[in-house]
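Everything on this sheet refers to the single structure shown next.
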Amino acid sequence: MDCVSFANNILVCGQSRKEGNIWDVLVSTETSASIHKTIAAGVGAVACSASTGKIFVGRDDGNLSIFSDSLEDNSTISAHDDIITAMSIDAFNDSQCVTVSWDGQISLIDCASSKIDVIAAHSGIIYGVAHSVLRPGVFSTIGQDSFLRLWDNRNLHEGCTSLLPLNQTGCSCCWSSQSEYLIACGMEDGNIHVVDTRTNSFVTSKLCHEGRITKIVSPHNNSRAVPSDDFFISASVDKSICSQTFDMVESHNNRISSSDIYTTDITWADELAGRSALVGSMSDGSVRIVDENLILQL
């Protein structure tokens, strides 16, 4: 599995060049769940809206499929010319979704009006995109060209509002849930940089993993709920998962015991089996509650 998202007890997962699935977690056992819908092959990114129930599926052909909460109605938008690698839903307006791609472009999709704005953003593959949970309309992108860029969807065509060189490929990024200026950037070599967007500079950096970071996420990164602690969680191809505060003082590293699988994507599930949990898609095709028992083998 390459990607996973969760909302309203619906789990969506998919894999590039292979099919994806929409699962009902309420109708599940310890190792399986009820499939609501099978998604056609080639799923590179997924996202769920908790308030509208809409499910966004980014495909290898650059199309974005949008499913209603009933899963009966769906629409398809031509968003990119190549594989969609990541997407993010605006925390303040979840009818708006930003997708990024191998084509180096950003697509801002307004589901309410079916309007789409597309701009050239990076000179290479864009691997990560994340909305601020404290600044309406503001989001960041990170990618192969070794830059972190900030954008405002209210004036997208005026270009990025901030640009910071990272000196190597950036793989994923997330915003602080308590400081409107801090972003954590996961890098190809396993380093994590915390950036202050007021000064456009590194606050601190730390080698948290021994290989490429596959995903970095702050709890509630796509909602306006704020956790009691300001932290993020990162996953890597080195088969480790790290929990880290934004000041990089406190950390906890958990290495998955298996020698041949790693976490490809992680998402925060606010209400999974009656509790909050971190859910990860794994390189062996499974979906796991991190640090817990395997719940779904897909």
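In the structure tokens, each chain is lettered A, B, ... as it comes, each chain's residues begin at 1, and ligands are numbered from 1 in order of appearance.
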Excluding Thr76 of chain A and its own-chain neighbours fewer than 6 positions away, which residues fall within 10 Å of it when counting only C-alpha atoms? Please give them as a CSV table (one decimal) with all heavy atoms, in the first residue's frame.
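Just written: out_18.csv:
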```csv
chain,number,residue,atom,x,y,z
A,56,PHE,N,-11.5,11.6,-1.6
A,56,PHE,CA,-10.7,12.1,-2.8
A,56,PHE,C,-9.6,11.0,-3.1
A,56,PHE,O,-8.9,10.6,-2.2
A,56,PHE,CB,-10.0,13.4,-2.5
A,56,PHE,CG,-10.9,14.5,-2.1
A,56,PHE,CD1,-11.4,14.7,-0.8
A,56,PHE,CD2,-11.3,15.4,-3.1
A,56,PHE,CE1,-12.2,15.7,-0.5
A,56,PHE,CE2,-12.2,16.5,-2.7
A,56,PHE,CZ,-12.6,16.6,-1.4
A,57,VAL,N,-9.6,10.6,-4.4
A,57,VAL,CA,-8.7,9.6,-4.8
A,57,VAL,C,-7.8,10.1,-6.0
A,57,VAL,O,-8.4,10.4,-7.1
A,57,VAL,CB,-9.4,8.3,-5.3
A,57,VAL,CG1,-8.4,7.3,-5.8
A,57,VAL,CG2,-10.3,7.8,-4.1
A,58,GLY,N,-6.5,10.3,-5.8
A,58,GLY,CA,-5.6,10.7,-6.8
A,58,GLY,C,-5.0,9.5,-7.6
A,58,GLY,O,-4.5,8.6,-6.9
A,63,ASN,N,-5.8,12.0,-12.9
A,63,ASN,CA,-7.2,12.3,-12.6
A,63,ASN,C,-7.4,12.2,-11.1
A,63,ASN,O,-6.8,11.4,-10.4
A,63,ASN,CB,-8.1,11.3,-13.3
A,63,ASN,CG,-8.2,11.6,-14.8
A,63,ASN,OD1,-8.1,12.7,-15.3
A,63,ASN,ND2,-8.4,10.5,-15.6
A,64,LEU,N,-8.4,13.1,-10.7
A,64,LEU,CA,-8.8,13.0,-9.3
A,64,LEU,C,-10.3,12.6,-9.3
A,64,LEU,O,-11.1,13.2,-9.9
A,64,LEU,CB,-8.7,14.4,-8.7
A,64,LEU,CG,-9.2,14.5,-7.2
A,64,LEU,CD1,-8.3,13.8,-6.3
A,64,LEU,CD2,-9.4,16.0,-6.8
A,65,SER,N,-10.6,11.5,-8.6
A,65,SER,CA,-11.9,11.0,-8.4
A,65,SER,C,-12.4,11.4,-7.1
A,65,SER,O,-11.8,11.3,-6.0
A,65,SER,CB,-12.0,9.5,-8.5
A,65,SER,OG,-11.6,9.0,-9.8
A,66,ILE,N,-13.7,11.9,-7.0
A,66,ILE,CA,-14.3,12.4,-5.8
A,66,ILE,C,-15.6,11.6,-5.6
A,66,ILE,O,-16.5,11.6,-6.4
A,66,ILE,CB,-14.6,13.9,-5.9
A,66,ILE,CG1,-13.4,14.7,-6.2
A,66,ILE,CG2,-15.2,14.4,-4.6
A,66,ILE,CD1,-13.6,16.2,-6.5
A,67,PHE,N,-15.6,10.9,-4.5
A,67,PHE,CA,-16.8,10.1,-4.1
A,67,PHE,C,-17.6,10.8,-3.0
A,67,PHE,O,-17.0,11.4,-2.1
A,67,PHE,CB,-16.3,8.7,-3.6
A,67,PHE,CG,-15.6,7.9,-4.6
A,67,PHE,CD1,-14.3,7.9,-4.8
A,67,PHE,CD2,-16.4,7.0,-5.4
A,67,PHE,CE1,-13.6,7.2,-5.7
A,67,PHE,CE2,-15.7,6.2,-6.4
A,67,PHE,CZ,-14.3,6.3,-6.5
```
Give me, as JSON lines, the closest atom pair and its distance (Å, one decimal) for every residue of segment 134-227 of chain A within a cut-off of 12 Å of segment 99-111 of chain A, counting only C-alpha atoms, rows sorted by chain and rising number.
```
{"residue": "A:Gly137", "atom": "CA", "partner": "A:Leu108", "partner_atom": "CA", "distance": 10.7}
{"residue": "A:Val138", "atom": "CA", "partner": "A:Leu108", "partner_atom": "CA", "distance": 11.9}
{"residue": "A:Phe139", "atom": "CA", "partner": "A:Leu108", "partner_atom": "CA", "distance": 11.0}
{"residue": "A:Ser140", "atom": "CA", "partner": "A:Ile106", "partner_atom": "CA", "distance": 10.7}
{"residue": "A:Thr141", "atom": "CA", "partner": "A:Val100", "partner_atom": "CA", "distance": 8.2}
{"residue": "A:Ile142", "atom": "CA", "partner": "A:Val100", "partner_atom": "CA", "distance": 9.6}
{"residue": "A:Gly143", "atom": "CA", "partner": "A:Gly104", "partner_atom": "CA", "distance": 8.5}
{"residue": "A:Gln144", "atom": "CA", "partner": "A:Gly104", "partner_atom": "CA", "distance": 9.0}
{"residue": "A:Asp145", "atom": "CA", "partner": "A:Gly104", "partner_atom": "CA", "distance": 9.4}
{"residue": "A:Arg149", "atom": "CA", "partner": "A:Ile106", "partner_atom": "CA", "distance": 11.4}
{"residue": "A:Leu150", "atom": "CA", "partner": "A:Ile106", "partner_atom": "CA", "distance": 11.8}
{"residue": "A:Trp151", "atom": "CA", "partner": "A:Ile106", "partner_atom": "CA", "distance": 10.1}
{"residue": "A:Asp152", "atom": "CA", "partner": "A:Leu108", "partner_atom": "CA", "distance": 10.6}
{"residue": "A:Asn153", "atom": "CA", "partner": "A:Leu108", "partner_atom": "CA", "distance": 7.5}
{"residue": "A:Arg154", "atom": "CA", "partner": "A:Leu108", "partner_atom": "CA", "distance": 10.3}
{"residue": "A:Asn155", "atom": "CA", "partner": "A:Leu108", "partner_atom": "CA", "distance": 11.3}
{"residue": "A:Leu156", "atom": "CA", "partner": "A:Leu108", "partner_atom": "CA", "distance": 8.7}
{"residue": "A:His157", "atom": "CA", "partner": "A:Ile106", "partner_atom": "CA", "distance": 10.5}
{"residue": "A:Gly159", "atom": "CA", "partner": "A:Ile106", "partner_atom": "CA", "distance": 11.0}
{"residue": "A:Cys160", "atom": "CA", "partner": "A:Ile106", "partner_atom": "CA", "distance": 11.0}
{"residue": "A:Ser172", "atom": "CA", "partner": "A:Val100", "partner_atom": "CA", "distance": 11.8}
```
Using only C-alpha atoms, find each residue of segment 149-190 of chain A with at least one atom at most 7 Å away from an atom of segment 207-212 of chain A; report its shortest atom-to-atom pair and that distance in Å (one decimal), sort the rows by chain and rising residue number, and return the result as CSV.
```
residue,atom,partner,partner_atom,distance
A:Met187,CA,A:Arg212,CA,6.4
A:Glu188,CA,A:Arg212,CA,4.2
A:Asp189,CA,A:Arg212,CA,5.2
A:Gly190,CA,A:His209,CA,4.4
```
Take the residues from that selection and write them out as a PDB file, in the first residue's frame, keeping all heavy atoms.
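Output (selection_7.pdb):
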```
ATOM      1  N   MET A 187      13.188  14.647   5.166  1.00  0.00           N
ATOM      2  CA  MET A 187      14.121  14.677   4.053  1.00  0.00           C
ATOM      3  C   MET A 187      14.513  13.276   3.566  1.00  0.00           C
ATOM      4  O   MET A 187      14.258  12.266   4.223  1.00  0.00           O
ATOM      5  CB  MET A 187      15.381  15.446   4.468  1.00  0.00           C
ATOM      6  CG  MET A 187      15.098  16.821   5.065  1.00  0.00           C
ATOM      7  SD  MET A 187      14.125  17.894   3.979  1.00  0.00           S
ATOM      8  CE  MET A 187      15.276  18.101   2.631  1.00  0.00           C
ATOM      9  N   GLU A 188      15.171  13.262   2.437  1.00  0.00           N
ATOM     10  CA  GLU A 188      15.566  12.008   1.794  1.00  0.00           C
ATOM     11  C   GLU A 188      16.599  11.239   2.612  1.00  0.00           C
ATOM     12  O   GLU A 188      16.644  10.006   2.581  1.00  0.00           O
ATOM     13  CB  GLU A 188      16.122  12.304   0.402  1.00  0.00           C
ATOM     14  CG  GLU A 188      16.330  11.093  -0.471  1.00  0.00           C
ATOM     15  CD  GLU A 188      16.712  11.477  -1.890  1.00  0.00           C
ATOM     16  OE1 GLU A 188      17.540  12.397  -2.054  1.00  0.00           O
ATOM     17  OE2 GLU A 188      16.182  10.857  -2.829  1.00  0.00           O
ATOM     18  N   ASP A 189      17.445  11.943   3.375  1.00  0.00           N
ATOM     19  CA  ASP A 189      18.501  11.276   4.129  1.00  0.00           C
ATOM     20  C   ASP A 189      18.091  10.926   5.556  1.00  0.00           C
ATOM     21  O   ASP A 189      18.919  10.478   6.352  1.00  0.00           O
ATOM     22  CB  ASP A 189      19.769  12.136   4.159  1.00  0.00           C
ATOM     23  CG  ASP A 189      19.567  13.448   4.919  1.00  0.00           C
ATOM     24  OD1 ASP A 189      18.424  13.753   5.315  1.00  0.00           O
ATOM     25  OD2 ASP A 189      20.568  14.183   5.102  1.00  0.00           O
ATOM     26  N   GLY A 190      16.808  11.144   5.921  1.00  0.00           N
ATOM     27  CA  GLY A 190      16.328  10.819   7.257  1.00  0.00           C
ATOM     28  C   GLY A 190      16.341  11.984   8.223  1.00  0.00           C
ATOM     29  O   GLY A 190      15.877  11.859   9.358  1.00  0.00           O
TER      30      GLY A 190
END
```
Notebook entry, point to check: Quick one: residues within 8 Å of segment 45-55 of chain A, only C-alpha atoms counted, chain neighbours fewer than 2 positions away excluded, as a ChimeraX atom specification?
Noted result: /A:2-8,12-14,43,57-59,66-69,84-89,94-95
Neighbouring residues of segment 278-284 of chain A were defined as those with any atom within 9 Å, considering only C-alpha atoms; residues of the same chain fewer than 2 positions away were excluded. Please report them as an mmCIF file with N, CA and C atoms, in the first residue's frame.
```
data_model
loop_
_atom_site.group_PDB
_atom_site.id
_atom_site.type_symbol
_atom_site.label_atom_id
_atom_site.label_comp_id
_atom_site.auth_asym_id
_atom_site.auth_seq_id
_atom_site.Cartn_x
_atom_site.Cartn_y
_atom_site.Cartn_z
ATOM 1 N N MET A 1 0.830 -1.191 0.000
ATOM 2 C CA MET A 1 0.000 0.000 0.000
ATOM 3 C C MET A 1 0.876 1.256 0.000
ATOM 4 N N ASP A 2 0.459 2.271 -0.777
ATOM 5 C CA ASP A 2 1.211 3.520 -0.854
ATOM 6 C C ASP A 2 0.572 4.654 -0.070
ATOM 7 N N CYS A 3 -0.747 4.580 0.173
ATOM 8 C CA CYS A 3 -1.428 5.718 0.781
ATOM 9 C C CYS A 3 -2.626 5.248 1.594
ATOM 10 N N VAL A 4 -2.956 6.058 2.629
ATOM 11 C CA VAL A 4 -4.072 5.711 3.510
ATOM 12 C C VAL A 4 -4.677 6.987 4.062
ATOM 13 N N SER A 5 -6.004 6.976 4.267
ATOM 14 C CA SER A 5 -6.694 8.095 4.903
ATOM 15 C C SER A 5 -7.897 7.546 5.648
ATOM 16 N N PHE A 6 -8.349 8.289 6.677
ATOM 17 C CA PHE A 6 -9.433 7.804 7.519
ATOM 18 C C PHE A 6 -10.325 8.956 7.948
ATOM 19 N N CYS A 13 -7.563 3.279 1.123
ATOM 20 C CA CYS A 13 -6.163 2.997 0.869
ATOM 21 C C CYS A 13 -5.981 2.629 -0.597
ATOM 22 N N GLY A 14 -4.754 2.758 -1.064
ATOM 23 C CA GLY A 14 -4.490 2.451 -2.464
ATOM 24 C C GLY A 14 -3.015 2.280 -2.731
ATOM 25 N N PRO A 219 -0.716 15.357 14.360
ATOM 26 C CA PRO A 219 -2.096 14.972 14.674
ATOM 27 C C PRO A 219 -3.061 16.107 14.358
ATOM 28 N N ALA A 235 7.647 8.556 9.517
ATOM 29 C CA ALA A 235 7.910 7.161 9.154
ATOM 30 C C ALA A 235 8.972 7.131 8.070
ATOM 31 N N ASP A 260 11.360 -6.823 6.725
ATOM 32 C CA ASP A 260 11.176 -6.601 5.294
ATOM 33 C C ASP A 260 10.017 -5.664 4.953
ATOM 34 N N ILE A 261 9.412 -4.999 5.926
ATOM 35 C CA ILE A 261 8.339 -4.060 5.606
ATOM 36 C C ILE A 261 8.594 -2.713 6.274
ATOM 37 N N TYR A 262 8.055 -1.672 5.674
ATOM 38 C CA TYR A 262 8.160 -0.340 6.255
ATOM 39 C C TYR A 262 6.844 0.396 6.038
ATOM 40 N N THR A 263 6.675 1.507 6.719
ATOM 41 C CA THR A 263 5.450 2.293 6.635
ATOM 42 C C THR A 263 5.539 3.246 5.460
ATOM 43 N N THR A 264 4.608 3.150 4.530
ATOM 44 C CA THR A 264 4.619 4.006 3.339
ATOM 45 C C THR A 264 3.839 5.305 3.540
ATOM 46 N N ASP A 265 2.829 5.278 4.416
ATOM 47 C CA ASP A 265 2.021 6.463 4.675
ATOM 48 C C ASP A 265 1.410 6.327 6.066
ATOM 49 N N ILE A 266 1.140 7.442 6.714
ATOM 50 C CA ILE A 266 0.490 7.432 8.022
ATOM 51 C C ILE A 266 -0.580 8.507 8.055
ATOM 52 N N THR A 267 -1.629 8.253 8.807
ATOM 53 C CA THR A 267 -2.712 9.216 8.964
ATOM 54 C C THR A 267 -3.244 9.130 10.384
ATOM 55 N N TRP A 268 -3.807 10.223 10.857
ATOM 56 C CA TRP A 268 -4.357 10.249 12.211
ATOM 57 C C TRP A 268 -5.844 9.952 12.146
ATOM 58 N N ALA A 269 -6.272 8.935 12.877
ATOM 59 C CA ALA A 269 -7.678 8.551 12.918
ATOM 60 C C ALA A 269 -8.264 9.007 14.247
ATOM 61 N N ASP A 270 -9.153 9.994 14.213
ATOM 62 C CA ASP A 270 -9.694 10.566 15.443
ATOM 63 C C ASP A 270 -10.566 9.582 16.211
ATOM 64 N N SER A 276 -8.587 7.514 19.548
ATOM 65 C CA SER A 276 -7.689 8.084 18.555
ATOM 66 C C SER A 276 -6.531 7.127 18.314
ATOM 67 N N SER A 286 -0.436 -4.351 3.881
ATOM 68 C CA SER A 286 -1.317 -4.340 5.045
ATOM 69 C C SER A 286 -1.545 -2.909 5.532
ATOM 70 N N VAL A 287 -2.539 -2.758 6.382
ATOM 71 C CA VAL A 287 -2.790 -1.503 7.074
ATOM 72 C C VAL A 287 -2.759 -1.794 8.563
ATOM 73 N N ARG A 288 -2.039 -1.002 9.337
ATOM 74 C CA ARG A 288 -1.847 -1.293 10.756
ATOM 75 C C ARG A 288 -2.168 -0.079 11.622
ATOM 76 N N ILE A 289 -2.647 -0.368 12.823
ATOM 77 C CA ILE A 289 -2.611 0.643 13.869
ATOM 78 C C ILE A 289 -1.200 0.620 14.417
ATOM 79 N N VAL A 290 -0.506 1.730 14.311
ATOM 80 C CA VAL A 290 0.896 1.767 14.697
ATOM 81 C C VAL A 290 1.033 1.494 16.186
ATOM 82 N N ASP A 291 1.992 0.631 16.523
ATOM 83 C CA ASP A 291 2.268 0.197 17.895
ATOM 84 C C ASP A 291 1.162 -0.698 18.457
#
```
Note to self: I need the residue nearest Ala121 of chain A from this list: A:Cys97, A:Leu163, A:Ala91, A:Cys173. Use only C-alpha atoms for the distance.
What the structure shows: A:Leu163
Next item on the list: One decimal, Å: what's the distance from atom CA of Arg198 of chain A over to atom CA of Phe246 of chain A, could you say?
Entry: 15.6 Å
Item checked: Backbone DSSP call of strand (DSSP E or B) for segment 98-278 of chain A, listed as number ranges by chain -> A: 98-101, 105-110, 115-120, 126-131, 138-143, 147-152, 162-165, 170-175, 182-187, 191-196, 201-207, 213-217, 231-236, 240-245, 251-255, 263-272, 275-278
If you keep C-alpha atoms, can you produce a file of those selected residues as a tab-separated table (two decimals), in the first residue's frame?
```tsv
chain	number	residue	atom	x	y	z
A	98	VAL	CA	-4.84	20.68	-3.22
A	99	THR	CA	-3.14	17.92	-5.22
A	100	VAL	CA	0.51	17.64	-6.28
A	101	SER	CA	2.16	15.45	-8.85
A	105	GLN	CA	2.25	21.27	-10.74
A	106	ILE	CA	-0.22	22.25	-8.04
A	107	SER	CA	-3.95	21.83	-8.65
A	108	LEU	CA	-6.42	23.64	-6.39
A	109	ILE	CA	-9.84	22.02	-6.71
A	110	ASP	CA	-13.05	23.59	-5.39
A	115	LYS	CA	-13.42	25.04	-10.41
A	116	ILE	CA	-9.80	24.01	-10.80
A	117	ASP	CA	-6.67	26.19	-10.81
A	118	VAL	CA	-3.42	24.67	-12.02
A	119	ILE	CA	0.02	26.27	-11.76
A	120	ALA	CA	3.60	25.15	-12.34
A	126	ILE	CA	6.37	17.28	-5.75
A	127	TYR	CA	6.27	14.72	-2.96
A	128	GLY	CA	4.46	16.51	-0.15
A	129	VAL	CA	1.70	19.05	0.50
A	130	ALA	CA	0.11	20.15	3.78
A	131	HIS	CA	-2.35	22.84	4.87
A	138	VAL	CA	-2.14	28.66	3.52
A	139	PHE	CA	-0.32	25.46	2.53
A	140	SER	CA	3.20	24.21	1.87
A	141	THR	CA	4.76	21.99	-0.79
A	142	ILE	CA	8.06	20.11	-0.85
A	143	GLY	CA	9.79	18.10	-3.52
A	147	PHE	CA	12.77	23.68	-2.01
A	148	LEU	CA	10.05	24.24	0.56
A	149	ARG	CA	7.43	26.61	-0.85
A	150	LEU	CA	4.52	28.35	0.86
A	151	TRP	CA	1.31	29.26	-0.95
A	152	ASP	CA	-1.94	31.09	-0.33
A	162	SER	CA	7.91	32.06	0.60
A	163	LEU	CA	10.78	29.95	-0.71
A	164	LEU	CA	13.41	28.12	1.34
A	165	PRO	CA	16.24	25.95	-0.07
A	170	GLY	CA	12.18	16.97	0.53
A	171	CYS	CA	9.79	14.06	0.94
A	172	SER	CA	6.99	15.25	3.24
A	173	CYS	CA	5.96	18.20	5.41
A	174	CYS	CA	3.47	19.11	8.13
A	175	TRP	CA	2.45	22.19	10.10
A	182	LEU	CA	6.37	26.23	12.26
A	183	ILE	CA	6.69	23.50	9.62
A	184	ALA	CA	8.48	20.15	9.94
A	185	CYS	CA	10.16	18.86	6.77
A	186	GLY	CA	11.11	15.20	6.29
A	187	MET	CA	14.12	14.68	4.05
A	191	ASN	CA	16.86	14.31	8.64
A	192	ILE	CA	13.96	16.45	9.85
A	193	HIS	CA	14.17	20.25	9.65
A	194	VAL	CA	11.84	22.48	11.63
A	195	VAL	CA	11.35	25.76	9.76
A	196	ASP	CA	10.14	29.12	11.08
A	201	SER	CA	15.10	29.75	8.32
A	202	PHE	CA	15.79	26.48	10.14
A	203	VAL	CA	14.92	26.47	13.84
A	204	THR	CA	16.51	23.11	14.43
A	205	SER	CA	17.45	19.92	12.56
A	206	LYS	CA	17.86	16.33	13.67
A	207	LEU	CA	18.73	13.00	12.09
A	213	ILE	CA	11.28	9.66	5.25
A	214	THR	CA	8.06	8.44	3.65
A	215	LYS	CA	5.62	10.62	5.60
A	216	ILE	CA	5.56	13.20	8.37
A	217	VAL	CA	2.27	14.22	9.95
A	231	PHE	CA	4.36	17.09	18.10
A	232	PHE	CA	4.62	15.22	14.82
A	233	ILE	CA	5.17	11.64	13.75
A	234	SER	CA	7.46	10.48	10.96
A	235	ALA	CA	7.91	7.16	9.15
A	236	SER	CA	10.83	5.95	7.08
A	240	SER	CA	11.13	3.04	12.07
A	241	ILE	CA	8.44	5.44	13.27
A	242	CYS	CA	9.43	8.47	15.33
A	243	SER	CA	7.34	10.76	17.55
A	244	GLN	CA	9.00	14.14	18.01
A	245	THR	CA	8.09	17.51	19.54
A	251	SER	CA	11.39	11.98	21.01
A	252	HIS	CA	10.37	8.36	20.90
A	253	ASN	CA	11.50	5.99	18.18
A	254	ASN	CA	9.73	2.72	17.50
A	255	ARG	CA	11.18	0.24	15.02
A	263	THR	CA	5.45	2.29	6.64
A	264	THR	CA	4.62	4.01	3.34
A	265	ASP	CA	2.02	6.46	4.68
A	266	ILE	CA	0.49	7.43	8.02
A	267	THR	CA	-2.71	9.22	8.96
A	268	TRP	CA	-4.36	10.25	12.21
A	269	ALA	CA	-7.68	8.55	12.92
A	270	ASP	CA	-9.69	10.57	15.44
A	271	GLU	CA	-12.25	7.84	16.16
A	272	LEU	CA	-11.03	4.38	15.32
A	275	ARG	CA	-10.22	5.92	20.35
A	276	SER	CA	-7.69	8.08	18.56
A	277	ALA	CA	-5.00	6.14	16.75
A	278	LEU	CA	-2.27	6.43	14.18
```
Checklist line | Separation of atom CA of Ser176 of chain A from atom CA of Val249 of chain A in Å | finding: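 Taking atom CA of Val249 of chain A and atom CA of Ser176 of chain A, their separation equals 15.0 Å.
Interatomic distance, atom CA of Arg17 of chain A to atom CA of Ile39 of chain A: 11.6 Å.
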Margin query: Excluding Leu134 of chain A and its own-chain neighbours fewer than 4 positions away, which residues fall within 8 Å of it when counting only C-alpha atoms? Please give them as a VMD selection string.
Written below: chain A and resid 177 to 180 224
